[in-house]
file input_18.cif (mmCIF, C-alpha atoms)
data_structure
loop_
_atom_site.label_atom_id
_atom_site.label_comp_id
_atom_site.auth_asym_id
_atom_site.auth_seq_id
_atom_site.Cartn_x
_atom_site.Cartn_y
_atom_site.Cartn_z
CA MET A 1 41.06 77.11 -72.79
CA PHE A 2 43.46 75.75 -75.40
CA LYS A 3 47.23 75.68 -75.23
CA ARG A 4 48.86 79.02 -75.85
CA GLY A 5 49.15 79.71 -79.56
CA ALA A 6 47.32 76.52 -80.61
CA PRO A 7 45.44 77.17 -83.85
CA THR A 8 41.65 76.90 -83.79
CA ASP A 9 38.91 77.22 -86.39
CA GLY A 10 38.11 80.73 -85.10
CA THR A 11 34.92 79.76 -83.27
CA ASN A 12 34.44 81.01 -79.71
CA TYR A 13 33.70 77.71 -77.96
CA PRO A 14 32.60 77.46 -74.30
CA GLN A 15 35.52 76.99 -71.94
CA VAL A 16 36.25 73.34 -71.32
CA GLY A 17 35.19 72.28 -67.84
CA THR A 18 32.58 74.98 -67.26
CA PRO A 19 28.89 74.25 -66.60
CA THR A 20 28.02 75.89 -69.92
CA TRP A 21 30.36 73.55 -71.73
CA ALA A 22 29.03 70.42 -70.00
CA ALA A 23 25.35 71.39 -70.29
CA ALA A 24 25.30 70.85 -74.07
CA TYR A 25 25.82 67.08 -73.77
CA PRO A 26 24.02 64.01 -72.44
CA VAL A 27 24.61 63.06 -68.82
CA SER A 28 24.69 59.36 -69.65
CA SER A 29 23.05 57.30 -72.39
CA PRO A 30 21.86 59.79 -75.03
CA ASP A 31 18.19 60.66 -75.44
CA LEU A 32 17.28 59.72 -79.01
CA ASN A 33 14.56 62.39 -79.05
CA ALA A 34 17.21 65.09 -78.57
CA LEU A 35 19.48 64.19 -81.48
CA PRO A 36 20.48 67.08 -83.74
CA GLN A 37 18.36 66.97 -86.87
CA GLU A 38 21.42 67.19 -89.16
CA TRP A 39 22.70 63.84 -87.94
CA VAL A 40 19.36 62.11 -88.38
CA THR A 41 18.90 63.64 -91.82
CA ALA A 42 22.35 62.47 -92.90
CA LEU A 43 21.69 58.98 -91.56
CA ASN A 44 18.37 58.82 -93.37
CA ALA A 45 20.05 59.88 -96.60
CA ALA A 46 22.72 57.22 -96.23
CA VAL A 47 20.09 54.55 -95.53
CA ALA A 48 18.04 55.68 -98.51
CA ALA A 49 21.11 55.53 -100.74
CA GLY A 50 21.85 51.96 -99.68
CA LYS A 51 25.07 52.92 -97.91
CA ILE A 52 24.06 51.47 -94.55
CA PRO A 53 23.68 47.67 -94.80
CA ASN A 54 20.35 46.28 -93.66
CA ILE A 55 21.70 43.60 -91.33
CA PRO A 56 20.32 42.52 -87.93
CA GLN A 57 21.48 43.88 -84.62
CA SER A 58 23.34 41.49 -82.36
CA SER A 59 22.42 40.81 -78.75
CA ASN A 60 24.42 39.79 -75.71
CA LEU A 61 24.32 39.00 -72.03
CA PRO A 62 26.56 40.89 -69.59
CA GLY A 63 30.17 39.83 -69.95
CA GLN A 64 29.55 37.84 -73.12
CA ASN A 65 30.34 38.58 -76.74
CA PRO A 66 27.43 39.60 -78.96
CA VAL A 67 25.63 36.96 -81.03
CA TYR A 68 23.56 37.41 -84.18
CA PRO A 69 20.17 35.87 -84.92
CA ALA A 70 20.05 32.32 -86.21
CA GLY A 71 21.03 32.14 -89.85
CA ALA A 72 23.17 35.29 -89.76
CA ASN A 73 26.87 34.58 -90.36
CA PRO A 74 29.08 37.02 -88.40
CA ASN A 75 32.07 36.06 -90.56
CA GLY A 76 30.25 36.50 -93.84
CA PRO A 77 30.79 39.57 -96.02
CA GLU A 78 27.33 40.97 -95.26
CA ILE A 79 28.01 41.28 -91.50
CA CYS A 80 31.79 40.80 -91.06
CA SER A 81 31.91 41.31 -87.30
CA ALA A 82 35.21 42.47 -85.84
CA THR A 83 34.26 40.65 -82.63
CA TYR A 84 34.58 37.45 -84.67
CA LYS A 85 37.90 38.68 -86.16
CA CYS A 86 36.41 39.37 -89.58
CA ARG A 87 38.38 42.18 -91.23
CA ILE A 88 36.44 44.68 -93.31
CA PRO A 89 38.55 46.20 -96.10
CA GLY A 90 39.39 49.76 -95.12
CA ASP A 91 39.26 49.15 -91.37
CA ILE A 92 42.62 49.48 -89.62
CA TRP A 93 44.03 46.47 -87.77
CA ASP A 94 47.75 46.76 -88.45
CA ALA A 95 50.41 49.48 -88.17
CA PRO A 96 52.83 50.11 -91.04
CA ALA A 97 55.76 47.71 -91.16
CA GLY A 98 58.35 48.38 -88.46
CA TYR A 99 56.08 50.65 -86.40
CA PHE A 100 54.66 50.31 -82.93
CA GLY A 101 51.54 52.49 -82.90
CA THR A 102 50.99 53.88 -79.41
CA ALA A 103 47.36 54.23 -78.32
CA PHE A 104 45.27 53.99 -75.17
CA ASP A 105 41.56 53.48 -74.61
CA ASP A 106 39.01 54.68 -72.05
CA GLY A 107 40.50 57.99 -71.00
CA PRO A 108 40.55 60.34 -69.44
CA THR A 109 40.66 58.74 -65.99
CA THR A 110 42.50 59.29 -62.75
CA ALA A 111 45.30 57.13 -64.20
CA SER A 112 45.80 59.54 -67.13
CA PRO A 113 48.13 62.07 -65.42
CA ARG A 114 50.68 59.37 -64.57
CA LEU A 115 50.59 58.02 -68.11
CA LEU A 116 50.93 61.51 -69.56
CA GLN A 117 53.89 62.29 -67.33
CA TYR A 118 55.65 59.10 -68.41
CA LEU A 119 55.02 59.72 -72.11
CA GLU A 120 56.29 63.29 -71.82
CA SER A 121 59.41 62.16 -69.97
CA ASN A 122 60.19 59.91 -72.94
CA ASN A 123 59.27 62.54 -75.56
CA GLN A 124 56.41 60.42 -76.86
CA THR A 125 52.86 61.17 -77.88
CA ALA A 126 49.97 58.73 -78.25
CA THR A 127 46.49 58.42 -79.66
CA HIS A 128 43.84 58.51 -76.94
CA PHE A 129 40.51 56.87 -77.79
CA MET A 130 38.31 58.74 -75.33
CA ILE A 131 34.90 58.09 -73.82
CA GLY A 132 32.54 61.06 -73.94
CA VAL A 133 31.26 60.87 -70.36
CA ASN A 134 34.84 60.54 -69.12
CA ILE A 135 35.82 63.76 -70.87
CA ILE A 136 32.90 65.47 -69.13
CA SER A 137 34.02 63.97 -65.81
CA TYR A 138 37.72 64.82 -66.14
CA PRO A 139 37.98 67.93 -68.32
CA GLN A 140 41.37 69.03 -66.98
CA TYR A 141 42.93 65.65 -67.67
CA PHE A 142 41.50 65.85 -71.18
CA LEU A 143 43.00 69.30 -71.71
CA ASP A 144 46.36 68.23 -70.32
CA ILE A 145 46.52 65.41 -72.86
CA PHE A 146 45.42 67.58 -75.78
CA ASN A 147 47.65 70.48 -74.80
CA ALA A 148 50.65 68.15 -74.70
CA GLY A 149 50.15 67.49 -78.41
CA HIS A 150 48.55 64.06 -78.19
CA ASP A 151 45.96 62.86 -80.70
CA ILE A 152 42.32 62.59 -79.61
CA ALA A 153 39.99 59.97 -81.11
CA VAL A 154 36.50 58.61 -80.45
CA HIS A 155 35.67 55.69 -78.15
CA THR A 156 31.89 56.35 -77.98
CA TRP A 157 29.84 58.18 -75.38
CA THR A 158 29.16 55.43 -72.79
CA HIS A 159 31.19 52.42 -74.02
CA PRO A 160 28.45 50.02 -75.22
CA TYR A 161 28.64 46.99 -77.49
CA MET A 162 27.93 48.88 -80.69
CA THR A 163 26.48 46.06 -82.81
CA THR A 164 23.71 45.58 -80.23
CA LEU A 165 22.46 49.14 -80.84
CA SER A 166 19.93 50.53 -83.30
CA ASN A 167 21.05 52.87 -86.06
CA LEU A 168 19.98 55.90 -84.05
CA GLU A 169 21.74 54.68 -80.93
CA VAL A 170 24.95 54.20 -82.93
CA LEU A 171 24.47 57.70 -84.32
CA ALA A 172 24.16 59.16 -80.82
CA GLN A 173 27.18 57.35 -79.38
CA LEU A 174 29.45 58.55 -82.19
CA GLY A 175 27.92 61.96 -82.78
CA TRP A 176 28.02 63.31 -79.24
CA THR A 177 31.59 62.14 -78.70
CA SER A 178 32.73 63.65 -82.00
CA GLU A 179 31.02 66.92 -81.22
CA LEU A 180 32.46 67.11 -77.72
CA ILE A 181 35.97 66.55 -79.07
CA LYS A 182 35.47 69.10 -81.82
CA ASN A 183 34.15 71.74 -79.44
CA SER A 184 36.93 71.07 -76.91
CA THR A 185 39.94 71.14 -79.26
CA GLY A 186 39.41 74.36 -81.14
CA GLY A 187 37.26 72.77 -83.85
CA ARG A 188 39.26 69.63 -84.68
CA VAL A 189 37.05 66.93 -86.15
CA PRO A 190 38.09 63.40 -85.15
CA ARG A 191 39.15 61.09 -87.98
CA TYR A 192 39.40 57.80 -86.07
CA TRP A 193 37.22 55.80 -83.72
CA ARG A 194 37.70 52.48 -81.93
CA PRO A 195 34.67 50.38 -81.03
CA PRO A 196 34.42 49.31 -77.38
CA TYR A 197 35.24 45.63 -77.07
CA GLY A 198 36.23 45.77 -80.74
CA ASP A 199 32.54 45.28 -81.50
CA SER A 200 31.80 46.60 -84.96
CA ASP A 201 30.38 45.25 -88.20
CA MET A 202 29.44 46.42 -91.69
CA ARG A 203 26.41 48.37 -90.44
CA VAL A 204 28.11 50.13 -87.54
CA ARG A 205 31.30 51.03 -89.42
CA SER A 206 29.20 52.34 -92.33
CA ILE A 207 27.27 54.70 -90.06
CA ALA A 208 30.55 55.94 -88.59
CA LEU A 209 32.09 56.55 -92.00
CA GLU A 210 29.13 57.78 -94.03
CA VAL A 211 27.65 60.13 -91.43
CA PHE A 212 30.69 61.32 -89.45
CA GLY A 213 33.67 60.47 -91.66
CA LEU A 214 35.12 58.26 -88.93
CA GLU A 215 37.53 55.45 -89.82
CA THR A 216 37.42 52.30 -87.72
CA VAL A 217 40.55 51.20 -85.83
CA ILE A 218 40.91 47.79 -84.16
CA TRP A 219 44.22 46.10 -83.09
CA ASN A 220 46.37 43.06 -83.70
CA ALA A 221 47.82 42.54 -80.20
CA ASP A 222 45.60 42.45 -77.10
CA THR A 223 47.29 42.98 -73.72
CA GLU A 224 44.05 42.38 -71.80
CA ASP A 225 45.39 44.96 -69.36
CA TRP A 226 41.86 46.06 -68.55
CA SER A 227 41.57 42.90 -66.44
CA LEU A 228 44.65 43.50 -64.31
CA THR A 229 42.54 44.86 -61.45
CA SER A 230 40.22 41.82 -61.48
CA GLY A 231 42.84 39.10 -61.79
CA GLY A 232 42.10 38.31 -65.43
CA THR A 233 45.76 38.71 -66.32
CA THR A 234 49.03 39.57 -64.57
CA PRO A 235 51.91 41.98 -65.20
CA GLN A 236 54.16 39.00 -65.97
CA ILE A 237 51.80 37.65 -68.61
CA ILE A 238 51.64 41.05 -70.29
CA HIS A 239 55.43 41.37 -70.12
CA ASP A 240 55.87 37.96 -71.73
CA ASP A 241 53.37 38.84 -74.47
CA PHE A 242 55.33 41.99 -75.30
CA VAL A 243 58.57 40.01 -75.48
CA LYS A 244 56.90 37.67 -77.97
CA TRP A 245 55.31 40.42 -80.07
CA LEU A 246 58.42 42.56 -80.23
CA ALA A 247 60.56 39.58 -81.29
CA GLY A 248 58.16 38.77 -84.10
CA PRO A 249 58.15 39.90 -87.75
CA LYS A 250 58.27 43.64 -88.42
CA SER A 251 55.44 43.34 -90.94
CA PRO A 252 52.76 44.12 -90.20
CA GLY A 253 53.47 46.71 -87.54
CA ILE A 254 51.96 46.43 -84.09
CA ILE A 255 48.74 48.00 -82.85
CA THR A 256 48.14 47.01 -79.25
CA LEU A 257 45.01 47.25 -77.18
CA GLU A 258 46.07 49.13 -74.05
CA HIS A 259 44.22 51.30 -71.56
CA GLU A 260 44.72 54.35 -69.40
CA LEU A 261 42.18 52.77 -67.11
CA SER A 262 44.11 52.06 -63.93
CA ASP A 263 47.53 52.48 -62.37
CA ASP A 264 48.07 48.79 -63.08
CA SER A 265 47.46 49.19 -66.82
CA VAL A 266 49.71 52.25 -66.96
CA SER A 267 52.43 50.32 -65.11
CA ALA A 268 52.16 47.52 -67.66
CA TYR A 269 52.89 49.98 -70.46
CA MET A 270 55.74 51.54 -68.49
CA ASP A 271 57.25 48.07 -68.09
CA ALA A 272 56.96 47.33 -71.83
CA TYR A 273 58.08 50.67 -73.25
CA PRO A 274 61.85 50.26 -72.63
CA MET A 275 61.78 47.04 -74.69
CA ILE A 276 60.17 48.49 -77.83
CA GLY A 277 62.92 50.67 -79.30
CA PRO A 278 65.81 48.28 -78.60
CA ALA A 279 63.84 45.55 -80.38
CA GLY A 280 64.08 47.59 -83.57
CA TRP A 281 60.63 49.15 -83.64
CA LYS A 282 59.86 52.78 -84.46
CA ILE A 283 57.46 54.28 -81.93
CA ALA A 284 54.79 56.81 -82.88
CA SER A 285 51.28 57.91 -82.01
CA LEU A 286 48.98 55.49 -83.82
CA ALA A 287 46.91 58.16 -85.59
CA SER A 288 50.05 59.76 -87.02
CA ILE A 289 51.13 56.63 -88.92
CA ILE A 290 47.95 54.96 -90.21
CA GLY A 291 46.95 57.56 -92.76
CA ASP A 292 48.30 60.33 -94.98
CA ASP A 293 45.56 62.90 -94.38
CA GLY A 294 46.16 64.04 -90.83
CA THR A 295 45.06 62.77 -87.46
CA TYR A 296 41.93 64.94 -87.65
CA GLN A 297 39.66 65.46 -90.62
CA ASN A 298 40.44 69.17 -90.75
CA SER A 299 43.85 69.40 -89.08
CA ASP A 300 47.10 67.49 -89.40
CA ASP A 301 47.45 67.09 -85.64
CA SER A 302 46.77 68.76 -82.29
CA GLU A 303 49.22 71.58 -83.02
CA SER A 304 48.54 72.35 -86.71
CA PRO A 305 46.17 74.86 -88.30
CA VAL A 306 42.47 73.98 -88.37
CA THR A 307 40.50 74.43 -91.58
CA THR A 308 36.82 75.23 -91.84
CA ASP A 309 34.94 74.32 -95.00
CA ASP A 310 31.80 72.55 -96.15
CA ILE A 311 32.26 69.69 -93.70
CA LEU A 312 31.09 72.04 -90.95
CA VAL A 313 27.44 72.98 -91.29
CA GLY A 314 24.37 73.87 -89.31
CA THR A 315 26.12 74.61 -86.05
CA ASN A 316 23.18 76.55 -84.66
CA LEU A 317 20.28 74.38 -85.81
CA PRO A 318 18.22 73.43 -82.74
CA ALA A 319 17.15 69.91 -81.95
CA SER A 320 13.42 69.23 -82.02
CA SER A 321 11.66 66.37 -80.30
CA SER A 322 8.97 66.31 -82.95
CA SER A 323 11.40 66.24 -85.86
CA SER A 324 13.57 63.64 -84.17
CA SER A 325 10.56 61.41 -83.59
CA THR A 326 9.53 61.76 -87.22
CA SER A 327 13.00 60.97 -88.45
CA THR A 328 13.38 58.00 -86.12
CA ALA A 329 10.93 55.99 -88.17
CA VAL A 330 13.00 56.59 -91.28
CA ALA A 331 16.44 56.11 -89.72
CA ASP A 332 15.60 52.75 -88.18
CA GLN A 333 13.59 51.36 -91.07
CA THR A 334 14.79 48.10 -92.56
CA THR A 335 13.23 48.35 -96.00
CA SER A 336 15.30 49.42 -98.99
CA VAL A 337 14.67 52.76 -100.69
CA THR A 338 15.64 52.92 -104.36
CA SER A 339 16.75 56.50 -104.58
CA VAL A 340 20.27 57.84 -105.03
CA VAL A 341 21.43 60.42 -102.53
CA SER A 342 24.95 61.83 -102.46
CA SER A 343 27.32 61.03 -99.59
CA THR A 344 26.51 63.08 -96.50
CA LYS A 345 29.13 63.34 -93.82
CA VAL A 346 27.68 65.47 -91.08
CA ILE A 347 29.56 67.34 -88.52
CA THR A 348 28.17 67.70 -85.19
CA SER A 349 26.02 70.68 -84.43
CA THR A 350 25.76 72.54 -81.16
CA SER A 351 22.10 71.81 -80.59
CA THR A 352 21.01 72.14 -77.00
CA VAL A 353 20.32 69.16 -74.76
CA SER A 354 18.92 69.34 -71.25
CA PRO A 355 21.68 67.72 -69.11
CA THR A 356 23.50 70.27 -67.00
CA ALA A 357 26.16 68.69 -64.84
CA ALA A 358 29.28 66.69 -65.49
CA ILE A 359 29.10 63.18 -64.16
CA ASN A 360 31.71 61.10 -62.43
CA THR A 361 31.40 57.86 -64.39
CA ALA A 362 33.48 54.84 -63.51
CA GLN A 363 33.82 51.96 -65.93
CA ALA A 364 31.51 49.37 -64.43
CA SER A 365 32.06 46.75 -67.08
CA ARG A 366 34.88 45.49 -69.19
CA THR A 367 36.18 48.51 -71.05
CA SER A 368 37.48 47.72 -74.54
CA ASN A 369 37.70 44.13 -75.57
CA ALA A 370 38.73 43.99 -79.02
CA ALA A 371 36.62 49.68 -81.34
CA SER A 372 31.36 65.70 -87.66
CA PRO A 373 32.35 66.42 -90.41
CA LEU A 374 30.37 65.92 -89.80
CA THR A 375 28.64 66.92 -93.04
CA ARG A 376 29.14 67.65 -96.60
CA ARG A 377 26.76 70.21 -98.01
CA ASP A 378 25.63 67.96 -100.80
CA LEU A 379 22.33 67.01 -99.24
CA PRO A 380 19.52 69.44 -100.18
CA LEU A 381 18.42 71.09 -96.95
CA GLY A 382 16.69 74.12 -98.41
CA LEU A 383 13.35 73.70 -96.65
CA PRO A 384 12.89 75.68 -93.48
CA TYR A 385 13.65 73.72 -90.41
CA ALA A 386 10.24 74.42 -89.01
CA MET A 387 8.70 72.64 -91.97
CA LEU A 388 10.99 69.66 -91.48
CA SER A 389 9.90 69.55 -87.85
CA LEU A 390 6.26 69.13 -88.91
CA CYS A 391 6.82 66.71 -91.80
CA ALA A 392 5.14 63.37 -91.77
CA PRO A 393 7.33 60.34 -92.33
CA ALA A 394 5.93 59.89 -95.82
CA PHE A 395 6.87 63.43 -96.77
CA VAL A 396 10.42 62.93 -95.49
CA ALA A 397 10.78 59.79 -97.55
CA ALA A 398 9.41 61.57 -100.61
CA LEU A 399 11.91 64.41 -100.11
CA PHE A 400 14.83 61.98 -100.24
CA ILE A 401 13.49 60.36 -103.41
CA LEU A 402 13.10 63.72 -105.11
CA ALA A 403 16.64 64.68 -104.02
#
call {"tool": "encode", "arguments": {"input": "input_18.cif", "output": "structure tokens"}}
result
Amino acid sequence: MFKRGAPTDGTNYPQVGTPTWAAAYPVSSPDLNALPQEWVTALNAAVAAGKIPNIPQSSNLPGQNPVYPAGANPNGPEICSATYKCRIPGDIWDAPAGYFGTAFDDGPTTASPRLLQYLESNNQTATHFMIGVNIISYPQYFLDIFNAGHDIAVHTWTHPYMTTLSNLEVLAQLGWTSELIKNSTGGRVPRYWRPPYGDSDMRVRSIALEVFGLETVIWNADTEDWSLTSGGTTPQIIHDDFVKWLAGPKSPGIITLEHELSDDSVSAYMDAYPMIGPAGWKIASLASIIGDDGTYQNSDDSESPVTTDDILVGTNLPASSSSSSTSTAVADQTTSVTSVVSSTKVITSTSTVSPTAAINTAQASRTSNAASPLTRRDLPLGLPYAMLSLCAPAFVAALFILA
């Protein structure tokens, strides 16, 4: 399943690409009644502790950027929407000085093998922000990328505009993708995620960080290569943009938005790559240069040892429709709870979900415009799960206050 000799966390995971492997995950948009209870509990705790800002969801029409309700300022510190180019402290927009951070969105796709072959021929690795349903659809391409030593990161389950989603929908998009990556890489927990279309804000990035330990990555140079197949840009325009970017200041470093979405987008990268080094830039996989703690939360990279500690919990706790419904009322509430609960990063469990077959999902809309530990054992979960499944919403809220 994994590359020969690649360290794992010792767990016997289902073989990537098998029906058993695929059956544990949603076929398309996740069912909120089938969310693992650990995730919902961790989200509720973060909401109760005031760690998830109570700001409104955005809305949008197809092909248009999200907008917030009247009176809500997307550039204000309360919302700070990345779609509106507001930078939240701690989010990653720039590479270190002198570096070109290589990364690609939307994989794996049928264009991935050609990209991988080109990177390998130039002794380069990259960070691949992957879509969950695409991993299910193209498991061998996923394994080829991972086994070649590339870094795997989260690009959500179905590529939605994240600020338009409820708290639970955000939880599902991040949680299932994180769990799939963890269970398909020998237990490696993703550290980074990029929001589709670059659409994130204080609420969405807080759920990613507080519940799953995911750090948000955007970009500072947009190739718009996703639109090559629709005439939105041309290879010459992208080439000229690279000439301009590479001739610019070395600080900050460059993080581009590029895709392994089509042969055209791969060709655009192949055209630009020979210009990067001669222009004086150091080239590296993005995830390897934007932090000091490893490209995964429990492993330095795709070839290093994997640790298992208190960030991995509850891997056999089953999902329950009744408990999920009870918790939904708490997780999506907008009122403030004045209790203090410790930080609860949750790593994805292996709860069962009904979907059984891998799907062949094509990107039908613009794919990336702009964006488990999963848990620490510092949330009291001593009550039997059966009791939690039968709790009334008031009892759940009281439990968090007493915690």
call {"tool": "closest_residue", "arguments": {"input": "input_18.cif", "among": "A:Arg191, A:Pro278, A:Pro7, A:Tyr141", "to": "Gln117 in chain A", "atoms": "all atoms listed in the file"}}
result
A:Tyr141
call {"tool": "resolve_selection", "arguments": {"input": "input_18.cif", "expression": "the PyMOL selection byres ((chain A and resi 214-228) around 6)", "output": "PyMOL selection string"}}
result
chain A and resi 91-93+191-194+208-209+212-213+229-234+238+255-257+265+371
call {"tool": "residues_near_point", "arguments": {"input": "input_18.cif", "point": "(32.1, 59.0, -78.9)", "cutoff": "6 Å", "atoms": "only C-alpha atoms", "output": "list of chain:residue names"}}
result
A:Ile131, A:Gly132, A:Val154, A:His155, A:Thr156, A:Trp157, A:Gln173, A:Leu174, A:Trp176, A:Thr177, A:Ser178
call {"tool": "resolve_selection", "arguments": {"input": "input_18.cif", "expression": "the PyMOL selection byres ((chain A and resi 73-79) around 8)", "output": "JSON, numbers by chain"}}
result
{"A": [53, 55, 68, 71, 72, 80, 81, 84, 85, 86, 201, 202, 203]}
call {"tool": "resolve_selection", "arguments": {"input": "input_18.cif", "expression": "the PyMOL selection byres ((chain A and resi 95-103) around 7)", "output": "number ranges by chain"}}
result
A: 94, 104-105, 126-128, 250-255, 258, 281-286, 290
